[in-house]
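Content type PDB, C-alpha atoms, from the file structure01.pdb:
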ATOM      1  CA  MET A  26      44.931-103.002-127.710
ATOM      2  CA  PRO A  27      47.372-101.933-124.978
ATOM      3  CA  LYS A  28      48.716-104.607-122.701
ATOM      4  CA  ILE A  29      50.070-104.459-119.217
ATOM      5  CA  ILE A  30      52.916-106.901-118.716
ATOM      6  CA  VAL A  31      53.850-108.404-115.374
ATOM      7  CA  GLU A  32      57.116-110.305-115.284
ATOM      8  CA  VAL A  33      57.823-112.499-112.287
ATOM      9  CA  MET A  34      61.214-113.974-111.427
ATOM     10  CA  LEU A  35      62.468-116.042-108.519
ATOM     11  CA  LYS A  36      64.650-113.874-106.285
ATOM     12  CA  PRO A  37      68.374-114.421-106.938
ATOM     13  CA  GLU A  38      68.910-116.237-103.641
ATOM     14  CA  ILE A  39      66.146-118.792-104.365
ATOM     15  CA  LEU A  40      67.318-121.991-106.050
ATOM     16  CA  ASP A  41      65.844-122.402-109.547
ATOM     17  CA  PRO A  42      66.221-126.100-110.398
ATOM     18  CA  GLN A  43      64.131-125.666-113.573
ATOM     19  CA  GLY A  44      66.485-122.980-114.872
ATOM     20  CA  GLN A  45      69.454-125.178-113.958
ATOM     21  CA  ALA A  46      67.960-128.114-115.877
ATOM     22  CA  VAL A  47      67.494-125.896-118.942
ATOM     23  CA  ALA A  48      71.071-124.617-118.585
ATOM     24  CA  ALA A  49      72.332-128.199-118.430
ATOM     25  CA  ALA A  50      70.339-129.221-121.534
ATOM     26  CA  LEU A  51      71.474-126.340-123.787
ATOM     27  CA  PRO A  52      75.054-127.626-124.355
ATOM     28  CA  ARG A  53      73.668-131.054-125.187
ATOM     29  CA  LEU A  54      71.872-129.355-128.087
ATOM     30  CA  GLY A  55      75.052-127.638-129.196
ATOM     31  CA  PHE A  56      74.238-124.247-127.651
ATOM     32  CA  THR A  57      77.272-123.191-125.693
ATOM     33  CA  PHE A  58      76.424-119.551-124.935
ATOM     34  CA  ALA A  59      74.750-119.972-121.538
ATOM     35  CA  GLN A  60      76.563-119.254-118.317
ATOM     36  CA  SER A  61      73.353-119.798-116.345
ATOM     37  CA  VAL A  62      69.587-119.738-116.893
ATOM     38  CA  ARG A  63      66.812-118.472-114.620
ATOM     39  CA  GLN A  64      63.242-119.258-115.575
ATOM     40  CA  GLY A  65      60.362-116.914-114.818
ATOM     41  CA  LYS A  66      56.756-116.074-115.712
ATOM     42  CA  ARG A  67      55.234-113.393-117.907
ATOM     43  CA  PHE A  68      51.606-112.247-117.652
ATOM     44  CA  GLU A  69      50.124-110.359-120.604
ATOM     45  CA  ILE A  70      47.039-108.496-119.473
ATOM     46  CA  GLU A  71      44.806-106.893-122.103
ATOM     47  CA  VAL A  72      43.093-103.881-120.634
ATOM     48  CA  VAL A  73      40.094-101.787-121.547
ATOM     49  CA  GLY A  74      41.190 -98.355-122.770
ATOM     50  CA  GLU A  75      44.486 -96.649-122.057
ATOM     51  CA  PRO A  76      46.266 -97.745-118.893
ATOM     52  CA  THR A  77      45.859 -95.045-116.255
ATOM     53  CA  PRO A  78      48.059 -94.503-113.200
ATOM     54  CA  ALA A  79      45.188 -95.851-111.069
ATOM     55  CA  MET A  80      44.972 -98.995-113.210
ATOM     56  CA  LEU A  81      48.721 -99.507-112.996
ATOM     57  CA  ALA A  82      48.542 -99.110-109.233
ATOM     58  CA  ASP A  83      45.861-101.829-109.178
ATOM     59  CA  VAL A  84      48.065-104.106-111.285
ATOM     60  CA  GLU A  85      50.967-103.487-108.896
ATOM     61  CA  ARG A  86      48.713-104.504-106.013
ATOM     62  CA  ALA A  87      47.506-107.637-107.848
ATOM     63  CA  ALA A  88      51.118-108.573-108.590
ATOM     64  CA  GLU A  89      52.132-107.993-104.969
ATOM     65  CA  GLU A  90      49.207-109.944-103.508
ATOM     66  CA  PHE A  91      48.587-112.647-106.090
ATOM     67  CA  LEU A  92      50.602-112.863-109.317
ATOM     68  CA  ALA A  93      53.899-113.044-107.427
ATOM     69  CA  ASN A  94      54.740-114.519-104.053
ATOM     70  CA  THR A  95      57.094-111.868-102.738
ATOM     71  CA  VAL A  96      58.544-114.309-100.216
ATOM     72  CA  ILE A  97      60.401-115.959-103.108
ATOM     73  CA  GLU A  98      59.708-113.834-106.197
ATOM     74  CA  SER A  99      60.164-110.300-107.490
ATOM     75  CA  PHE A 100      58.116-108.653-110.254
ATOM     76  CA  VAL A 101      58.079-105.742-112.693
ATOM     77  CA  VAL A 102      55.024-104.105-114.256
ATOM     78  CA  LYS A 103      55.252-102.435-117.686
ATOM     79  CA  VAL A 104      52.972-101.191-120.441
ATOM     80  CA  GLU A 105      53.258-102.562-123.984
ATOM     81  CA  GLU A 106      51.560-100.850-126.940
TER      82      GLU A 106
ATOM     83  CA  MET V  15      34.001-133.002 -81.945
ATOM     84  CA  ARG V  16      33.697-132.063 -85.625
ATOM     85  CA  ILE V  17      36.724-131.659 -87.876
ATOM     86  CA  GLY V  18      36.239-130.094 -91.296
ATOM     87  CA  VAL V  19      38.092-131.350 -94.369
ATOM     88  CA  VAL V  20      38.248-128.840 -97.219
ATOM     89  CA  THR V  21      37.900-129.897-100.847
ATOM     90  CA  PHE V  22      39.302-127.565-103.509
ATOM     91  CA  PRO V  23      39.103-128.357-107.235
ATOM     92  CA  GLY V  24      41.976-130.809-107.675
ATOM     93  CA  THR V  25      42.245-131.920-104.040
ATOM     94  CA  LEU V  26      43.167-135.628-103.843
ATOM     95  CA  ASP V  27      43.504-136.612-100.218
ATOM     96  CA  ASP V  28      40.261-135.333 -98.731
ATOM     97  CA  ARG V  29      38.834-138.854 -98.447
ATOM     98  CA  ASP V  30      41.902-140.166 -96.618
ATOM     99  CA  ALA V  31      41.963-137.104 -94.376
ATOM    100  CA  ALA V  32      38.281-137.622 -93.501
ATOM    101  CA  ARG V  33      39.009-141.288 -92.805
ATOM    102  CA  ALA V  34      41.891-140.333 -90.495
ATOM    103  CA  VAL V  35      39.599-137.906 -88.647
ATOM    104  CA  GLU V  36      37.048-140.690 -88.119
ATOM    105  CA  TYR V  37      39.758-143.191 -87.053
ATOM    106  CA  ALA V  38      40.801-140.678 -84.414
ATOM    107  CA  GLY V  39      37.230-140.632 -83.114
ATOM    108  CA  ALA V  40      35.935-137.318 -84.446
ATOM    109  CA  GLU V  41      33.205-136.562 -86.958
ATOM    110  CA  ALA V  42      34.546-135.590 -90.399
ATOM    111  CA  VAL V  43      32.658-132.731 -92.054
ATOM    112  CA  SER V  44      33.155-131.964 -95.749
ATOM    113  CA  LEU V  45      33.801-128.299 -96.479
ATOM    114  CA  TRP V  46      33.682-126.809 -99.970
ATOM    115  CA  HIS V  47      36.194-124.224-101.169
ATOM    116  CA  GLY V  48      33.515-122.073-102.794
ATOM    117  CA  SER V  49      31.563-121.520 -99.579
ATOM    118  CA  ASP V  50      32.673-119.429 -96.609
ATOM    119  CA  ASP V  51      30.649-121.638 -94.233
ATOM    120  CA  LEU V  52      32.776-123.526 -91.698
ATOM    121  CA  LYS V  53      29.652-125.446 -90.577
ATOM    122  CA  HIS V  54      30.525-124.973 -86.889
ATOM    123  CA  VAL V  55      33.485-127.361 -87.031
ATOM    124  CA  ASP V  56      35.996-127.330 -84.176
ATOM    125  CA  ALA V  57      39.093-127.684 -86.374
ATOM    126  CA  VAL V  58      39.950-127.958 -90.043
ATOM    127  CA  VAL V  59      42.279-130.004 -92.256
ATOM    128  CA  LEU V  60      43.497-128.726 -95.635
ATOM    129  CA  PRO V  61      44.380-131.950 -97.433
ATOM    130  CA  GLY V  62      46.916-132.699-100.127
ATOM    131  CA  GLY V  63      46.530-132.821-103.874
ATOM    132  CA  PHE V  64      46.939-130.482-106.799
ATOM    133  CA  SER V  65      44.339-127.809-106.171
ATOM    134  CA  TYR V  66      43.741-125.717-109.296
ATOM    135  CA  GLY V  67      46.268-127.951-111.046
ATOM    136  CA  ASP V  68      49.062-126.109-109.212
ATOM    137  CA  TYR V  69      48.381-123.207-111.628
ATOM    138  CA  LEU V  70      50.181-119.917-110.895
ATOM    139  CA  ARG V  71      51.941-121.412-107.846
ATOM    140  CA  CYS V  72      51.010-124.413-105.700
ATOM    141  CA  GLY V  73      48.215-123.309-103.380
ATOM    142  CA  ALA V  74      48.145-119.714-104.650
ATOM    143  CA  ILE V  75      44.644-119.728-106.129
ATOM    144  CA  SER V  76      43.193-121.880-103.332
ATOM    145  CA  ALA V  77      44.582-119.449-100.770
ATOM    146  CA  LYS V  78      42.099-116.852-102.117
ATOM    147  CA  ALA V  79      39.055-119.181-101.991
ATOM    148  CA  PRO V  80      35.991-118.083 -99.969
ATOM    149  CA  ILE V  81      36.517-120.865 -97.391
ATOM    150  CA  MET V  82      40.057-119.594 -96.784
ATOM    151  CA  LYS V  83      38.763-116.129 -95.841
ATOM    152  CA  SER V  84      36.802-117.765 -93.008
ATOM    153  CA  ILE V  85      39.731-120.013 -92.048
ATOM    154  CA  VAL V  86      42.188-117.089 -91.905
ATOM    155  CA  VAL V  87      39.897-115.128 -89.578
ATOM    156  CA  ALA V  88      39.229-118.169 -87.373
ATOM    157  CA  ALA V  89      42.933-119.168 -87.266
ATOM    158  CA  GLU V  90      43.858-115.728 -85.989
ATOM    159  CA  HIS V  91      41.586-116.457 -83.020
ATOM    160  CA  GLY V  92      43.179-119.823 -82.223
ATOM    161  CA  PHE V  93      41.095-122.163 -84.396
ATOM    162  CA  PRO V  94      43.127-125.344 -85.124
ATOM    163  CA  VAL V  95      44.219-125.755 -88.757
ATOM    164  CA  LEU V  96      46.384-128.535 -90.206
ATOM    165  CA  GLY V  97      47.654-128.173 -93.775
ATOM    166  CA  ILE V  98      49.122-131.294 -95.327
ATOM    167  CA  CYS V  99      51.307-131.081 -98.462
ATOM    168  CA  ASN V 100      49.236-128.919-100.836
ATOM    169  CA  GLY V 101      47.404-127.762 -97.691
ATOM    170  CA  PHE V 102      50.757-126.552 -96.282
ATOM    171  CA  GLN V 103      51.341-124.694 -99.560
ATOM    172  CA  VAL V 104      47.889-123.089 -99.227
ATOM    173  CA  LEU V 105      48.675-121.980 -95.641
ATOM    174  CA  ALA V 106      51.956-120.418 -96.779
ATOM    175  CA  GLU V 107      50.238-118.651 -99.687
ATOM    176  CA  ALA V 108      47.518-117.428 -97.300
ATOM    177  CA  HIS V 109      50.293-116.084 -95.007
ATOM    178  CA  LEU V 110      49.056-118.111 -92.051
ATOM    179  CA  LEU V 111      52.531-119.650 -92.042
ATOM    180  CA  PRO V 112      55.802-117.991 -93.103
ATOM    181  CA  GLY V 113      58.040-119.051 -95.978
ATOM    182  CA  ALA V 114      57.191-120.759 -99.246
ATOM    183  CA  LEU V 115      57.325-124.247-100.720
ATOM    184  CA  THR V 116      59.347-124.397-103.933
ATOM    185  CA  ARG V 117      60.419-127.017-106.473
ATOM    186  CA  ASN V 118      62.303-130.002-105.011
ATOM    187  CA  ALA V 119      65.997-129.242-105.379
ATOM    188  CA  ASP V 120      66.665-132.275-107.598
ATOM    189  CA  LEU V 121      63.464-131.781-109.679
ATOM    190  CA  HIS V 122      62.244-135.302-108.872
ATOM    191  CA  PHE V 123      58.727-135.998-107.738
ATOM    192  CA  LEU V 124      59.149-137.677-104.352
ATOM    193  CA  CYS V 125      57.124-140.697-103.330
ATOM    194  CA  THR V 126      58.564-142.476-100.331
ATOM    195  CA  ASP V 127      58.065-143.497 -96.716
ATOM    196  CA  GLN V 128      59.879-140.735 -94.859
ATOM    197  CA  THR V 129      61.327-140.726 -91.352
ATOM    198  CA  LEU V 130      60.645-137.503 -89.434
ATOM    199  CA  LYS V 131      61.736-136.255 -86.053
ATOM    200  CA  ILE V 132      59.045-134.463 -84.067
ATOM    201  CA  GLU V 133      60.741-131.293 -82.812
ATOM    202  CA  ASN V 134      57.804-129.557 -81.165
ATOM    203  CA  ASN V 135      55.132-131.542 -79.327
ATOM    204  CA  LYS V 136      53.446-128.456 -77.866
ATOM    205  CA  THR V 137      51.180-127.622 -80.807
ATOM    206  CA  LEU V 138      47.511-128.591 -80.935
ATOM    207  CA  TRP V 139      48.347-131.124 -83.667
ATOM    208  CA  THR V 140      51.510-132.706 -82.188
ATOM    209  CA  SER V 141      50.808-132.862 -78.450
ATOM    210  CA  GLY V 142      50.391-136.655 -78.511
ATOM    211  CA  PHE V 143      53.984-137.241 -79.617
ATOM    212  CA  ASP V 144      57.035-137.485 -77.384
ATOM    213  CA  ALA V 145      59.579-134.704 -77.912
ATOM    214  CA  GLY V 146      62.196-135.983 -80.333
ATOM    215  CA  GLN V 147      60.070-138.976 -81.356
ATOM    216  CA  GLU V 148      60.866-140.413 -84.780
ATOM    217  CA  ILE V 149      57.947-141.363 -86.992
ATOM    218  CA  VAL V 150      57.585-142.831 -90.496
ATOM    219  CA  ILE V 151      54.845-141.495 -92.790
ATOM    220  CA  PRO V 152      54.502-141.261 -96.588
ATOM    221  CA  MET V 153      55.718-138.253 -98.503
ATOM    222  CA  LYS V 154      54.776-137.398-102.096
ATOM    223  CA  ASN V 155      55.415-133.997-103.561
ATOM    224  CA  MET V 156      57.076-131.952-106.287
ATOM    225  CA  GLU V 157      57.189-128.620-104.435
ATOM    226  CA  GLY V 158      58.230-129.558-100.916
ATOM    227  CA  ASN V 159      61.391-127.507-100.679
ATOM    228  CA  PHE V 160      60.757-125.135 -97.751
ATOM    229  CA  ASN V 161      62.301-121.719 -98.333
ATOM    230  CA  CYS V 162      62.458-118.611 -96.178
ATOM    231  CA  ASP V 163      64.887-115.780 -95.523
ATOM    232  CA  ASP V 164      67.504-115.931 -92.752
ATOM    233  CA  ALA V 165      65.504-113.743 -90.368
ATOM    234  CA  THR V 166      62.431-116.001 -90.695
ATOM    235  CA  LEU V 167      64.527-119.137 -90.205
ATOM    236  CA  HIS V 168      66.091-117.631 -87.094
ATOM    237  CA  GLU V 169      62.638-116.749 -85.762
ATOM    238  CA  LEU V 170      61.278-120.255 -86.457
ATOM    239  CA  GLU V 171      64.267-121.931 -84.804
ATOM    240  CA  SER V 172      64.515-119.631 -81.783
ATOM    241  CA  GLU V 173      60.773-119.897 -81.077
ATOM    242  CA  GLY V 174      60.734-123.695 -81.499
ATOM    243  CA  ARG V 175      58.307-123.436 -84.384
ATOM    244  CA  VAL V 176      59.870-126.185 -86.499
ATOM    245  CA  ILE V 177      57.532-129.053 -85.642
ATOM    246  CA  ALA V 178      59.186-131.807 -87.694
ATOM    247  CA  ARG V 179      62.453-132.308 -89.565
ATOM    248  CA  TYR V 180      63.515-134.877 -92.144
ATOM    249  CA  VAL V 181      65.813-137.584 -90.747
ATOM    250  CA  GLY V 182      68.673-138.771 -92.967
ATOM    251  CA  ALA V 183      69.452-137.212 -96.336
ATOM    252  CA  ASN V 184      67.484-134.011 -97.002
ATOM    253  CA  PRO V 185      64.929-135.271 -99.547
ATOM    254  CA  ASN V 186      63.986-131.993-101.253
ATOM    255  CA  GLY V 187      66.460-129.283-100.277
ATOM    256  CA  SER V 188      64.295-127.724 -97.542
ATOM    257  CA  ARG V 189      66.121-125.187 -95.391
ATOM    258  CA  ALA V 190      67.282-126.794 -92.137
ATOM    259  CA  ALA V 191      65.597-130.038 -93.323
ATOM    260  CA  ILE V 192      62.247-128.558 -92.289
ATOM    261  CA  ALA V 193      59.264-130.845 -92.901
ATOM    262  CA  GLY V 194      56.699-128.872 -90.923
ATOM    263  CA  ILE V 195      56.238-125.615 -89.017
ATOM    264  CA  THR V 196      53.679-123.912 -86.813
ATOM    265  CA  ASN V 197      52.523-120.349 -86.209
ATOM    266  CA  LYS V 198      53.365-118.442 -83.026
ATOM    267  CA  ARG V 199      50.273-119.654 -81.250
ATOM    268  CA  GLY V 200      50.690-123.341 -82.182
ATOM    269  CA  ASN V 201      47.183-123.736 -83.623
ATOM    270  CA  VAL V 202      48.175-123.670 -87.301
ATOM    271  CA  VAL V 203      50.476-126.439 -88.488
ATOM    272  CA  GLY V 204      51.785-127.139 -91.995
ATOM    273  CA  LEU V 205      53.411-130.463 -92.817
ATOM    274  CA  MET V 206      54.765-131.638 -96.166
ATOM    275  CA  PRO V 207      54.526-135.444 -95.585
ATOM    276  CA  HIS V 208      51.141-137.162 -95.208
ATOM    277  CA  PRO V 209      49.997-138.336 -91.753
ATOM    278  CA  GLU V 210      46.533-139.212 -93.104
ATOM    279  CA  HIS V 211      48.107-142.034 -95.146
ATOM    280  CA  ALA V 212      49.698-143.605 -92.057
ATOM    281  CA  ILE V 213      46.801-144.512 -89.783
ATOM    282  CA  ASP V 214      46.405-148.235 -90.489
ATOM    283  CA  LEU V 215      49.040-150.890 -91.229
ATOM    284  CA  LEU V 216      46.825-152.256 -94.014
ATOM    285  CA  THR V 217      47.450-149.151 -96.132
ATOM    286  CA  GLY V 218      50.376-147.288 -94.577
ATOM    287  CA  PRO V 219      53.919-147.856 -93.344
ATOM    288  CA  SER V 220      52.882-147.155 -89.735
ATOM    289  CA  LYS V 221      50.063-145.780 -87.610
ATOM    290  CA  ASP V 222      52.202-142.802 -86.592
ATOM    291  CA  GLY V 223      50.105-140.332 -88.579
ATOM    292  CA  LEU V 224      47.012-140.927 -86.495
ATOM    293  CA  THR V 225      48.617-139.076 -83.560
ATOM    294  CA  PHE V 226      48.241-135.728 -85.387
ATOM    295  CA  PHE V 227      44.482-136.246 -85.412
ATOM    296  CA  THR V 228      44.150-137.676 -81.894
ATOM    297  CA  SER V 229      46.333-134.812 -80.605
ATOM    298  CA  VAL V 230      43.893-132.138 -81.726
ATOM    299  CA  LEU V 231      40.976-134.189 -80.481
ATOM    300  CA  ASN V 232      42.496-134.520 -77.006
ATOM    301  CA  ALA V 233      43.562-130.870 -76.966
ATOM    302  CA  MET V 234      40.024-129.705 -77.795
ATOM    303  CA  VAL V 235      38.287-132.010 -75.335
ATOM    304  CA  LYS V 236      40.460-130.779 -72.442
TER     305      LYS V 236
END
Using the file provided, produce a representation of the structure as structure tokens.
Amino acid sequence: MPKIIVEVMLKPEILDPQGQAVAAALPRLGFTFAQSVRQGKRFEIEVVGEPTPAMLADVERAAEEFLANTVIESFVVKVEE
Amino acid sequence: MRIGVVTFPGTLDDRDAARAVEYAGAEAVSLWHGSDDLKHVDAVVLPGGFSYGDYLRCGAISAKAPIMKSIVVAAEHGFPVLGICNGFQVLAEAHLLPGALTRNADLHFLCTDQTLKIENNKTLWTSGFDAGQEIVIPMKNMEGNFNCDDATLHELESEGRVIARYVGANPNGSRAAIAGITNKRGNVVGLMPHPEHAIDLLTGPSKDGLTFFTSVLNAMVK
């Protein structure tokens, strides 16, 4: 079943204390690769039938109005087979 | 005068808000999130809590509730609305107020008696305070960090729409130590700390919070 994915991230200028806390914990576990961490959200939306341009436009609108708060967050919409 | 208090699933402070309304001398009317009926109230309080378990974002799902559709329309015509804590988050998510409330900068849940400076005593909800008055009311939140872009901050500051600021160390990282703001018209106010918990010395650190409720009462009676 095809899925539409919406990924939401805090805008770069918005402080992400959760991401910072994760970044601070990684070295304590012996993982030294991280310069910084930003934490976001991923929505996996199962859809009926093949995603159409109209459906994707609706998802964009839902992301703009509801799934993301564009005052502080940005989002991307993609299709996953 | 009738003041509505909205209950969403997960609201905690509706009882205290209703009690504060009655202490101020108004009739408290319970409003339910799932109905669009404002029951002919003269003003409305969106109380604190964890509506919808803070799912998605604090206040995001509540902002789309049927009662909010009615409140948004009424607020645009000057209807008085006070959002406290989660209620402030709902008002921001409903775009009745600018900006957004994000995670406290230090990731700690705050629970403290907080000193505030009243910066704007011209709104319907703050008219009973003296300009620059300092008050002490409880604060308890995880997402109280007020964020907005530079243009919005400039607009808020230049139009005097910051109604209260934190005094002393900034408790949650809010821009410009903002604790509360109002819309252009001064009828919609959002405040992160809790005036409804500071109306009686038996249960609160002061009675300072009561003035928010008596302010709107006096403003409406005039």
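Distances to chain A were evaluated for V:Gly73, V:Gly39, V:Gly142, V:Gly67 using all atoms listed in the file, and the minimum falls at V:Gly73.
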>> Could you check the closest approach to chain V for each of A:Pro27, A:Gly65, A:Pro78, A:Gly55 and tell me which residue wins, using only C-alpha atoms?
In response: A:Gly65
> Evaluating the PyMOL selection byres ((chain A) within 10 of (chain V)) on the displayed file yields which residues, as a PyMOL selection string?
Replying inline: chain A and resi 38-43+45-46+66+90-97
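Between atom CA of Asp50 of chain V and atom CA of Lys83 of chain V there is a distance of 7.0 Å.
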> Just so the selection is clear, what residues does the PyMOL selection byres ((chain V and resi 60) around 10) cover here, as a ChimeraX atom specification?
Replying inline: /V:18-22,25,27-28,31,45,58-59,61-63,82,95-105,204
>> Suppose a student applies the PyMOL selection byres ((chain V and resi 173) around 12) to this structure; what residues should they get, written as a ChimeraX atom specification?
In response: /V:133-134,136,166-172,174-177,195-200
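Of note, atom CA of His91 of chain V and atom CA of Val43 of chain V are spaced 20.6 Å apart.
Computed from the coordinates, the atom CA of Ala57 of chain V to atom CA of Ile17 of chain V distance equals 4.9 Å.
Closest approach to Ala88 of chain V from the set V:Ala165, V:Leu110, V:Cys72, V:Ala34 is made by V:Leu110, with distances taken over all atoms listed in the file.
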